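J.: Enclosed is the structure file my_file.cif (mmCIF, C-alpha atoms).
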data_protein
#
loop_
_atom_site.label_atom_id
_atom_site.label_comp_id
_atom_site.auth_asym_id
_atom_site.auth_seq_id
_atom_site.Cartn_x
_atom_site.Cartn_y
_atom_site.Cartn_z
CA MET A 1 0.00 0.00 0.00
CA ALA A 2 1.50 3.34 -1.05
CA ASP A 3 1.95 6.09 1.52
CA GLU A 4 -1.09 8.37 1.27
CA ASN A 5 1.23 11.37 0.84
CA THR A 6 2.83 9.91 -2.30
CA GLU A 7 1.28 9.70 -5.74
CA PRO A 8 0.59 6.19 -7.08
CA LYS A 9 3.01 4.93 -9.71
CA LYS A 10 1.86 5.20 -13.30
CA LEU A 11 0.89 1.82 -14.72
CA SER A 12 2.70 0.39 -17.71
CA ARG A 13 0.72 -0.41 -20.84
CA ILE A 14 0.56 -4.11 -19.90
CA GLN A 15 -0.46 -3.29 -16.34
CA GLN A 16 -3.17 -0.94 -17.60
CA ARG A 17 -4.43 -3.63 -20.00
CA ASN A 18 -4.52 -6.22 -17.22
CA ARG A 19 -6.36 -3.85 -14.90
CA GLU A 20 -8.95 -3.15 -17.61
CA LEU A 21 -9.34 -6.89 -18.23
CA ILE A 22 -10.00 -7.41 -14.53
CA MET A 23 -12.48 -4.55 -14.29
CA ASN A 24 -14.39 -5.66 -17.38
CA ALA A 25 -14.55 -9.27 -16.20
CA ALA A 26 -15.56 -8.19 -12.70
CA LEU A 27 -18.36 -6.05 -14.11
CA ASP A 28 -19.75 -9.12 -15.87
CA VAL A 29 -19.45 -11.27 -12.76
CA PHE A 30 -20.81 -8.74 -10.25
CA SER A 31 -23.70 -7.65 -12.48
CA GLN A 32 -24.77 -11.30 -12.78
CA HIS A 33 -24.13 -12.52 -9.23
CA GLY A 34 -23.96 -9.43 -7.03
CA PHE A 35 -21.21 -8.91 -4.47
CA ARG A 36 -22.20 -11.85 -2.28
CA GLY A 37 -22.44 -14.37 -5.09
CA ALA A 38 -19.30 -13.34 -6.95
CA THR A 39 -15.88 -14.88 -6.30
CA LEU A 40 -12.33 -14.01 -7.25
CA ASP A 41 -12.11 -17.36 -9.02
CA GLN A 42 -15.00 -16.32 -11.29
CA ILE A 43 -13.33 -13.00 -12.03
CA ALA A 44 -10.04 -14.77 -12.74
CA ASP A 45 -11.74 -17.18 -15.14
CA ALA A 46 -13.58 -14.37 -16.92
CA SER A 47 -10.48 -12.19 -17.25
CA GLY A 48 -8.08 -14.96 -18.27
CA LEU A 49 -5.70 -13.94 -15.48
CA SER A 50 -4.66 -15.87 -12.41
CA LYS A 51 -6.03 -15.04 -8.97
CA PRO A 52 -2.55 -14.02 -7.70
CA ASN A 53 -2.29 -11.70 -10.70
CA ILE A 54 -5.61 -10.10 -9.80
CA LEU A 55 -4.46 -9.64 -6.21
CA TYR A 56 -1.40 -7.81 -7.52
CA TYR A 57 -3.71 -5.04 -8.77
CA PHE A 58 -6.48 -5.10 -6.16
CA ASN A 59 -6.74 -5.87 -2.45
CA GLY A 60 -9.44 -8.48 -2.85
CA LYS A 61 -13.00 -8.76 -4.13
CA GLU A 62 -14.36 -5.77 -2.24
CA ASP A 63 -11.64 -3.47 -3.58
CA ILE A 64 -12.60 -4.38 -7.16
CA TYR A 65 -16.31 -4.01 -6.40
CA VAL A 66 -16.01 -0.60 -4.76
CA THR A 67 -13.77 0.62 -7.59
CA LEU A 68 -16.44 -0.40 -10.11
CA LEU A 69 -19.20 1.31 -8.12
CA ASN A 70 -17.19 4.52 -7.80
CA GLN A 71 -16.48 4.61 -11.52
CA MET A 72 -20.15 4.08 -12.32
CA LEU A 73 -21.49 6.61 -9.83
CA ALA A 74 -19.14 9.28 -11.17
CA SER A 75 -21.21 9.48 -14.37
CA TRP A 76 -24.56 8.15 -13.14
CA LEU A 77 -25.92 11.62 -12.32
CA ASP A 78 -24.97 13.27 -15.61
CA PRO A 79 -28.39 12.84 -17.29
CA LEU A 80 -30.22 14.48 -14.36
CA THR A 81 -27.60 17.21 -13.96
CA ALA A 82 -28.25 18.26 -17.56
CA LEU A 83 -31.95 19.00 -16.90
CA ASP A 84 -32.14 22.77 -17.52
CA GLU A 85 -34.41 24.99 -15.42
CA THR A 86 -34.54 27.58 -18.24
CA GLY A 87 -35.67 25.10 -20.90
CA ASP A 88 -39.12 24.04 -22.06
CA PRO A 89 -40.51 21.83 -19.25
CA ILE A 90 -41.85 18.96 -21.36
CA GLY A 91 -38.89 19.13 -23.73
CA GLU A 92 -36.44 18.99 -20.83
CA ILE A 93 -38.13 15.97 -19.23
CA LEU A 94 -38.36 14.08 -22.53
CA ALA A 95 -34.70 14.84 -23.19
CA TYR A 96 -33.90 13.48 -19.74
CA ILE A 97 -35.77 10.28 -20.58
CA ASP A 98 -33.76 10.00 -23.81
CA ARG A 99 -30.50 10.42 -21.89
CA LYS A 100 -31.55 7.76 -19.39
CA MET A 101 -32.40 5.37 -22.23
CA GLU A 102 -29.01 6.04 -23.81
CA MET A 103 -27.33 5.18 -20.48
CA THR A 104 -29.40 1.99 -20.46
CA ARG A 105 -28.21 1.17 -23.98
CA LEU A 106 -24.55 1.87 -23.28
CA PHE A 107 -24.21 0.65 -19.69
CA PRO A 108 -26.62 -2.23 -18.98
CA ARG A 109 -24.12 -4.09 -16.79
CA GLU A 110 -23.50 -1.01 -14.67
CA SER A 111 -27.25 -0.57 -14.19
CA ARG A 112 -27.63 -4.18 -13.06
CA LEU A 113 -24.62 -3.81 -10.76
CA PHE A 114 -26.23 -0.82 -9.05
CA ALA A 115 -29.65 -2.52 -8.86
CA THR A 116 -28.13 -5.64 -7.30
CA GLU A 117 -26.21 -3.55 -4.76
CA ILE A 118 -29.42 -1.77 -3.73
CA ILE A 119 -31.35 -5.05 -3.51
CA GLN A 120 -28.63 -6.41 -1.22
CA GLY A 121 -28.92 -3.42 1.10
CA GLY A 122 -26.79 -0.82 -0.65
CA SER A 123 -24.29 -0.48 2.20
CA ARG A 124 -21.48 0.52 -0.17
CA VAL A 125 -23.46 3.30 -1.90
CA MET A 126 -25.75 4.73 0.78
CA ASP A 127 -23.28 7.46 1.71
CA HIS A 128 -23.08 8.48 -1.93
CA ILE A 129 -26.87 8.42 -2.26
CA ALA A 130 -27.23 10.62 0.81
CA THR A 131 -24.49 13.12 -0.03
CA ASP A 132 -24.64 13.30 -3.84
CA ILE A 133 -27.80 11.77 -5.31
CA LYS A 134 -30.39 13.10 -2.84
CA PRO A 135 -29.37 16.80 -3.04
CA LEU A 136 -29.47 16.68 -6.86
CA PHE A 137 -32.70 14.66 -6.79
CA ASP A 138 -34.35 17.26 -4.52
CA GLU A 139 -32.96 20.18 -6.55
CA LYS A 140 -34.30 18.90 -9.89
CA ALA A 141 -37.58 17.78 -8.32
CA ALA A 142 -38.04 21.35 -7.06
CA VAL A 143 -37.51 22.65 -10.61
CA ILE A 144 -40.09 20.23 -12.01
CA GLN A 145 -42.51 20.94 -9.19
CA GLY A 146 -42.16 24.65 -9.90
CA TRP A 147 -43.07 24.04 -13.53
CA SER A 148 -46.12 22.09 -12.43
CA ASP A 149 -47.23 24.58 -9.78
CA SER A 150 -47.01 27.41 -12.30
CA GLY A 151 -49.20 25.56 -14.79
CA ARG A 152 -46.46 24.75 -17.28
CA LEU A 153 -46.94 21.04 -16.55
CA ALA A 154 -49.93 19.01 -15.44
CA PRO A 155 -50.33 18.65 -11.64
CA ILE A 156 -47.74 16.11 -10.54
CA ASP A 157 -45.62 14.95 -7.63
CA ALA A 158 -42.15 15.69 -9.03
CA HIS A 159 -40.33 13.22 -6.78
CA GLN A 160 -42.67 10.44 -7.89
CA LEU A 161 -42.20 11.47 -11.51
CA LEU A 162 -38.42 11.13 -11.28
CA THR A 163 -38.57 7.73 -9.61
CA SER A 164 -41.08 6.61 -12.27
CA ILE A 165 -38.63 7.66 -14.99
CA TRP A 166 -35.85 5.75 -13.25
CA SER A 167 -38.05 2.66 -12.92
CA THR A 168 -39.19 2.61 -16.53
CA THR A 169 -35.89 3.46 -18.23
CA GLN A 170 -33.65 1.25 -16.10
CA HIS A 171 -36.06 -1.67 -16.51
CA TYR A 172 -34.73 -2.01 -20.07
CA ALA A 173 -31.25 -2.70 -18.68
CA ASP A 174 -32.04 -4.65 -15.54
CA PHE A 175 -34.53 -7.02 -17.23
CA ASP A 176 -33.12 -7.14 -20.75
CA ALA A 177 -32.99 -10.96 -20.78
CA GLN A 178 -36.72 -11.10 -20.13
CA LEU A 179 -37.43 -8.36 -22.67
CA ALA A 180 -35.46 -10.25 -25.32
CA VAL A 181 -37.99 -13.08 -24.99
CA LEU A 182 -41.05 -10.86 -24.69
CA LEU A 183 -40.25 -8.10 -27.19
CA GLY A 184 -37.37 -9.16 -29.43
CA PRO A 185 -33.89 -7.85 -30.36
CA ARG A 186 -32.39 -5.43 -27.86
CA GLU A 187 -31.72 -2.41 -30.10
CA GLN A 188 -35.25 -2.48 -31.49
CA VAL A 189 -36.69 -2.92 -27.99
CA LEU A 190 -34.77 0.13 -26.79
CA GLU A 191 -35.82 2.24 -29.76
CA ASN A 192 -39.47 1.28 -29.37
CA GLY A 193 -39.25 1.73 -25.62
CA LYS A 194 -37.86 5.25 -25.93
CA ALA A 195 -40.64 6.24 -28.33
CA TYR A 196 -43.28 4.73 -26.07
CA LEU A 197 -41.98 6.42 -22.92
CA ASN A 198 -41.78 9.77 -24.68
CA THR A 199 -45.43 9.47 -25.73
CA LEU A 200 -46.52 8.18 -22.32
CA PHE A 201 -44.85 10.92 -20.29
CA GLU A 202 -45.67 13.71 -22.74
CA LYS A 203 -49.38 12.90 -22.46
CA ALA A 204 -49.15 12.71 -18.66
CA LEU A 205 -47.27 16.00 -18.38
CA ARG A 206 -49.19 18.13 -20.88
CA PRO A 207 -51.13 20.82 -18.97
CA ASP A 208 -54.42 20.29 -20.81
#
How does the structure come out when it is put into C-alpha cells?
T.:
Amino acid sequence: MADENTEPKKLSRIQQRNRELIMNAALDVFSQHGFRGATLDQIADASGLSKPNILYYFNGKEDIYVTLLNQMLASWLDPLTALDETGDPIGEILAYIDRKMEMTRLFPRESRLFATEIIQGGSRVMDHIATDIKPLFDEKAAVIQGWSDSGRLAPIDAHQLLTSIWSTTQHYADFDAQLAVLLGPREQVLENGKAYLNTLFEKALRPD
C-alpha cells in the first residue's frame, strides 16, 4: 500500500491492460451474481488472469467491487444534472428520458450492478446516495414541481415522476434478458421503448 502522501506509480501499458481486463470481467461477474455471489475465481476465469495476478492489482474482491461502483457513480448523475431549469418543461423531461435510455443502452451491466447492490442493502453506496444523489434529486424535483405549480406542466408529484422515470428506463437494462424473450432484439426494444416512454410521459405532463 502506497503512503497516502505519495502519488501512485503510473501503470505500464501491460499493467493498464490487465487492470482493464480485470475490471471488465468483474463487471460481468458482479452484475450477474452481485457482491455476495461473486468470487475471485469467477473474475479470474472471466479475465483470463490468475487469482494471484488479480491480487497484484487489487486488495481483494471488495476493492474491485467498490472501484467499479465509484467509476459508475461518477457518471450516473450526468443525465439528471443536464436537466435545464430555463428550458421548455416537457422538452427537458423528454430529453432526460432519452439520456436515461441512452445510459441503459450503453451501460446495462452497470445498471444491473447498481440494482443488485441496492437489492442487497446498498451499504457501499448509501453514503453516496445521501451526499450526492439526494441533493441533486431534490434540486431537480423542485424545478419540475415549480413548472407544475405554475401551470407549465400538469399537476404532478415531481419526486414520484423522477422515480417513475428511473423505474421505466432502467427496466430495459435490468430485465433485458426477459425483454429479449417478450419483445425481441435489444436495439429495437430500446428504440421502441424510448418512443413509447416519450409518448406516455408527454401525455401525462401536458397541462391540458
J.: Select, from A:Gly91, A:Pro79, A:Gly146, A:Gly122, the residue with the minimum atom-to-atom distance to Trp166 of chain A, counting all atoms listed in the file.
T.: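 Ranking A:Gly91, A:Pro79, A:Gly146, A:Gly122 by distance to Trp166 of chain A, first place goes to A:Pro79.
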J.: Once the PyMOL selection byres ((chain A and resi 204) around 12) has been applied to the shown file, what residues remain in the selection, as a short mmCIF file (atom, residue, chain, number, x, y, z; two decimals) with C-alpha atoms, in the frame of the given file?
T.:
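Wrote selection29.cif, looks like this:
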data_model
loop_
_atom_site.label_atom_id
_atom_site.label_comp_id
_atom_site.auth_asym_id
_atom_site.auth_seq_id
_atom_site.Cartn_x
_atom_site.Cartn_y
_atom_site.Cartn_z
CA ILE A 90 -41.85 18.96 -21.36
CA ILE A 93 -38.13 15.97 -19.23
CA LEU A 94 -38.36 14.08 -22.53
CA SER A 148 -46.12 22.09 -12.43
CA LEU A 153 -46.94 21.04 -16.55
CA ALA A 154 -49.93 19.01 -15.44
CA PRO A 155 -50.33 18.65 -11.64
CA ILE A 156 -47.74 16.11 -10.54
CA ASP A 157 -45.62 14.95 -7.63
CA LEU A 161 -42.20 11.47 -11.51
CA SER A 164 -41.08 6.61 -12.27
CA LEU A 197 -41.98 6.42 -22.92
CA ASN A 198 -41.78 9.77 -24.68
CA THR A 199 -45.43 9.47 -25.73
CA LEU A 200 -46.52 8.18 -22.32
CA PHE A 201 -44.85 10.92 -20.29
CA GLU A 202 -45.67 13.71 -22.74
CA LYS A 203 -49.38 12.90 -22.46
CA LEU A 205 -47.27 16.00 -18.38
CA ARG A 206 -49.19 18.13 -20.88
CA PRO A 207 -51.13 20.82 -18.97
CA ASP A 208 -54.42 20.29 -20.81
#
J.: For segment 184-200 of chain A, what centre and edge lengths in Å (one decimal) does the axis-aligned box get once 3 Å is added on each side of all its listed atoms, as lines of an AutoDock Vina configuration file?
T.:
center_x = -39.1
center_y = 0.3
center_z = -26.9
size_x = 20.8
size_y = 24.9
size_z = 15.2
J.: Name the residues that the PyMOL selection byres ((chain A and resi 136-138) around 12) picks from the file above, as number ranges by chain, using the file's chain letters and numbers.
T.: A: 76-83, 128-135, 139-145, 157-163, 166
J.: Export, as an mmCIF file, in the coordinates of the input, the selected residues with C-alpha atoms.
T.:
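Result file out-v7.cif:
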data_model
loop_
_atom_site.group_PDB
_atom_site.id
_atom_site.type_symbol
_atom_site.label_atom_id
_atom_site.label_comp_id
_atom_site.auth_asym_id
_atom_site.auth_seq_id
_atom_site.Cartn_x
_atom_site.Cartn_y
_atom_site.Cartn_z
ATOM 1 C CA TRP A 76 -24.560 8.150 -13.140
ATOM 2 C CA LEU A 77 -25.920 11.620 -12.320
ATOM 3 C CA ASP A 78 -24.970 13.270 -15.610
ATOM 4 C CA PRO A 79 -28.390 12.840 -17.290
ATOM 5 C CA LEU A 80 -30.220 14.480 -14.360
ATOM 6 C CA THR A 81 -27.600 17.210 -13.960
ATOM 7 C CA ALA A 82 -28.250 18.260 -17.560
ATOM 8 C CA LEU A 83 -31.950 19.000 -16.900
ATOM 9 C CA HIS A 128 -23.080 8.480 -1.930
ATOM 10 C CA ILE A 129 -26.870 8.420 -2.260
ATOM 11 C CA ALA A 130 -27.230 10.620 0.810
ATOM 12 C CA THR A 131 -24.490 13.120 -0.030
ATOM 13 C CA ASP A 132 -24.640 13.300 -3.840
ATOM 14 C CA ILE A 133 -27.800 11.770 -5.310
ATOM 15 C CA LYS A 134 -30.390 13.100 -2.840
ATOM 16 C CA PRO A 135 -29.370 16.800 -3.040
ATOM 17 C CA GLU A 139 -32.960 20.180 -6.550
ATOM 18 C CA LYS A 140 -34.300 18.900 -9.890
ATOM 19 C CA ALA A 141 -37.580 17.780 -8.320
ATOM 20 C CA ALA A 142 -38.040 21.350 -7.060
ATOM 21 C CA VAL A 143 -37.510 22.650 -10.610
ATOM 22 C CA ILE A 144 -40.090 20.230 -12.010
ATOM 23 C CA GLN A 145 -42.510 20.940 -9.190
ATOM 24 C CA ASP A 157 -45.620 14.950 -7.630
ATOM 25 C CA ALA A 158 -42.150 15.690 -9.030
ATOM 26 C CA HIS A 159 -40.330 13.220 -6.780
ATOM 27 C CA GLN A 160 -42.670 10.440 -7.890
ATOM 28 C CA LEU A 161 -42.200 11.470 -11.510
ATOM 29 C CA LEU A 162 -38.420 11.130 -11.280
ATOM 30 C CA THR A 163 -38.570 7.730 -9.610
ATOM 31 C CA TRP A 166 -35.850 5.750 -13.250
#
J.: Written as a PyMOL selection string, which residues does the PyMOL selection byres ((chain A and resi 30-35) around 9) give for the file shown?
T.: chain A and resi 25-29+36-39+43+61-62+65+108-117+120
J.: For each of A:Glu20, A:Asp127, A:Glu191, A:Asp176, take the minimum atom-to-atom distance to Leu49 of chain A, counting all atoms listed in the file, then give the residue where this is smallest.
T.: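 With all atoms listed in the file as the atom set, the closest residue is A:Glu20.
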J.: Rank nothing, just name the residue among A:Ile22, A:Ala173, A:Leu11, A:Leu182 nearest to Glu102 of chain A, using all atoms listed in the file.
T.: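 Of all the options, A:Ala173 lies closest to Glu102 of chain A.
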J.: Using all atoms listed in the file and a cutoff of 12 Å, can you tell me which residues are near (-1.6, -4.1, -8.2) in the file's coordinates, and write them out as a ChimeraX atom specification?
T.: /A:1-2,8-12,14-16,18-20,22,51-60,63-64
J.: Calculated over all atoms listed in the file, which of the candidates A:Gly193, A:Gly48, A:Pro89, A:Gly121 has the smallest distance to Gln170 of chain A?
T.: A:Gly193
J.: Quick one: residues within 9 Å of Asp41 of chain A, only C-alpha atoms, excluding same-chain residues fewer than 4 positions away - as number ranges by chain?
T.: A: 45-46, 50-51
J.: Could you write those residues out with C-alpha atoms, as a compact mmCIF listing (two decimals), in the coordinates of the input?
T.:
# COMPACT_ATOMS: atom_id res chain seq x y z
CA ASP A 45 -11.74 -17.18 -15.14
CA ALA A 46 -13.58 -14.37 -16.92
CA SER A 50 -4.66 -15.87 -12.41
CA LYS A 51 -6.03 -15.04 -8.97
J.: Using the partial input, fill out segment 102-124 of chain A with N, CA and C atoms; write the result as an mmCIF file, keeping the file's coordinate frame.
T.:
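Below you can see part_1.cif, which holds the result:
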data_model
loop_
_atom_site.group_PDB
_atom_site.id
_atom_site.type_symbol
_atom_site.label_atom_id
_atom_site.label_comp_id
_atom_site.auth_asym_id
_atom_site.auth_seq_id
_atom_site.Cartn_x
_atom_site.Cartn_y
_atom_site.Cartn_z
ATOM 1 N N GLU A 102 -30.330 6.202 -23.213
ATOM 2 C CA GLU A 102 -29.010 6.040 -23.810
ATOM 3 C C GLU A 102 -28.040 5.422 -22.795
ATOM 4 N N MET A 103 -28.145 5.827 -21.528
ATOM 5 C CA MET A 103 -27.330 5.180 -20.480
ATOM 6 C C MET A 103 -27.678 3.702 -20.390
ATOM 7 N N THR A 104 -28.961 3.384 -20.488
ATOM 8 C CA THR A 104 -29.400 1.990 -20.460
ATOM 9 C C THR A 104 -28.803 1.217 -21.621
ATOM 10 N N ARG A 105 -28.767 1.847 -22.800
ATOM 11 C CA ARG A 105 -28.210 1.170 -23.980
ATOM 12 C C ARG A 105 -26.718 0.939 -23.841
ATOM 13 N N LEU A 106 -26.001 1.940 -23.331
ATOM 14 C CA LEU A 106 -24.550 1.870 -23.280
ATOM 15 C C LEU A 106 -24.014 1.111 -22.069
ATOM 16 N N PHE A 107 -24.742 1.174 -20.950
ATOM 17 C CA PHE A 107 -24.210 0.650 -19.690
ATOM 18 C C PHE A 107 -25.191 -0.279 -18.977
ATOM 19 N N PRO A 108 -25.667 -1.333 -19.641
ATOM 20 C CA PRO A 108 -26.620 -2.230 -18.980
ATOM 21 C C PRO A 108 -26.023 -2.975 -17.791
ATOM 22 N N ARG A 109 -24.750 -3.352 -17.900
ATOM 23 C CA ARG A 109 -24.120 -4.090 -16.790
ATOM 24 C C ARG A 109 -23.984 -3.199 -15.565
ATOM 25 N N GLU A 110 -23.638 -1.936 -15.790
ATOM 26 C CA GLU A 110 -23.500 -1.010 -14.670
ATOM 27 C C GLU A 110 -24.841 -0.801 -13.975
ATOM 28 N N SER A 111 -25.918 -0.723 -14.767
ATOM 29 C CA SER A 111 -27.250 -0.570 -14.190
ATOM 30 C C SER A 111 -27.613 -1.768 -13.327
ATOM 31 N N ARG A 112 -27.321 -2.969 -13.827
ATOM 32 C CA ARG A 112 -27.630 -4.180 -13.060
ATOM 33 C C ARG A 112 -26.758 -4.276 -11.804
ATOM 34 N N LEU A 113 -25.506 -3.824 -11.922
ATOM 35 C CA LEU A 113 -24.620 -3.810 -10.760
ATOM 36 C C LEU A 113 -25.209 -2.936 -9.654
ATOM 37 N N PHE A 114 -25.648 -1.737 -10.024
ATOM 38 C CA PHE A 114 -26.230 -0.820 -9.050
ATOM 39 C C PHE A 114 -27.517 -1.393 -8.466
ATOM 40 N N ALA A 115 -28.377 -1.952 -9.326
ATOM 41 C CA ALA A 115 -29.650 -2.520 -8.860
ATOM 42 C C ALA A 115 -29.399 -3.655 -7.868
ATOM 43 N N THR A 116 -28.433 -4.515 -8.189
ATOM 44 C CA THR A 116 -28.130 -5.640 -7.300
ATOM 45 C C THR A 116 -27.587 -5.149 -5.968
ATOM 46 N N GLU A 117 -26.750 -4.122 -6.006
ATOM 47 C CA GLU A 117 -26.210 -3.550 -4.760
ATOM 48 C C GLU A 117 -27.338 -3.003 -3.890
ATOM 49 N N ILE A 118 -28.299 -2.312 -4.498
ATOM 50 C CA ILE A 118 -29.420 -1.770 -3.730
ATOM 51 C C ILE A 118 -30.277 -2.899 -3.165
ATOM 52 N N ILE A 119 -30.548 -3.921 -3.971
ATOM 53 C CA ILE A 119 -31.350 -5.050 -3.510
ATOM 54 C C ILE A 119 -30.697 -5.731 -2.318
ATOM 55 N N GLN A 120 -29.353 -5.768 -2.309
ATOM 56 C CA GLN A 120 -28.630 -6.410 -1.220
ATOM 57 C C GLN A 120 -28.353 -5.472 -0.049
ATOM 58 N N GLY A 121 -29.012 -4.330 -0.041
ATOM 59 C CA GLY A 121 -28.920 -3.420 1.100
ATOM 60 C C GLY A 121 -28.229 -2.108 0.823
ATOM 61 N N GLY A 122 -27.415 -2.067 -0.227
ATOM 62 C CA GLY A 122 -26.790 -0.820 -0.650
ATOM 63 C C GLY A 122 -25.793 -0.220 0.313
ATOM 64 N N SER A 123 -25.178 -1.032 1.171
ATOM 65 C CA SER A 123 -24.290 -0.480 2.200
ATOM 66 C C SER A 123 -23.099 0.261 1.620
ATOM 67 N N ARG A 124 -22.669 -0.109 0.410
ATOM 68 C CA ARG A 124 -21.480 0.520 -0.170
ATOM 69 C C ARG A 124 -21.805 1.771 -0.986
#
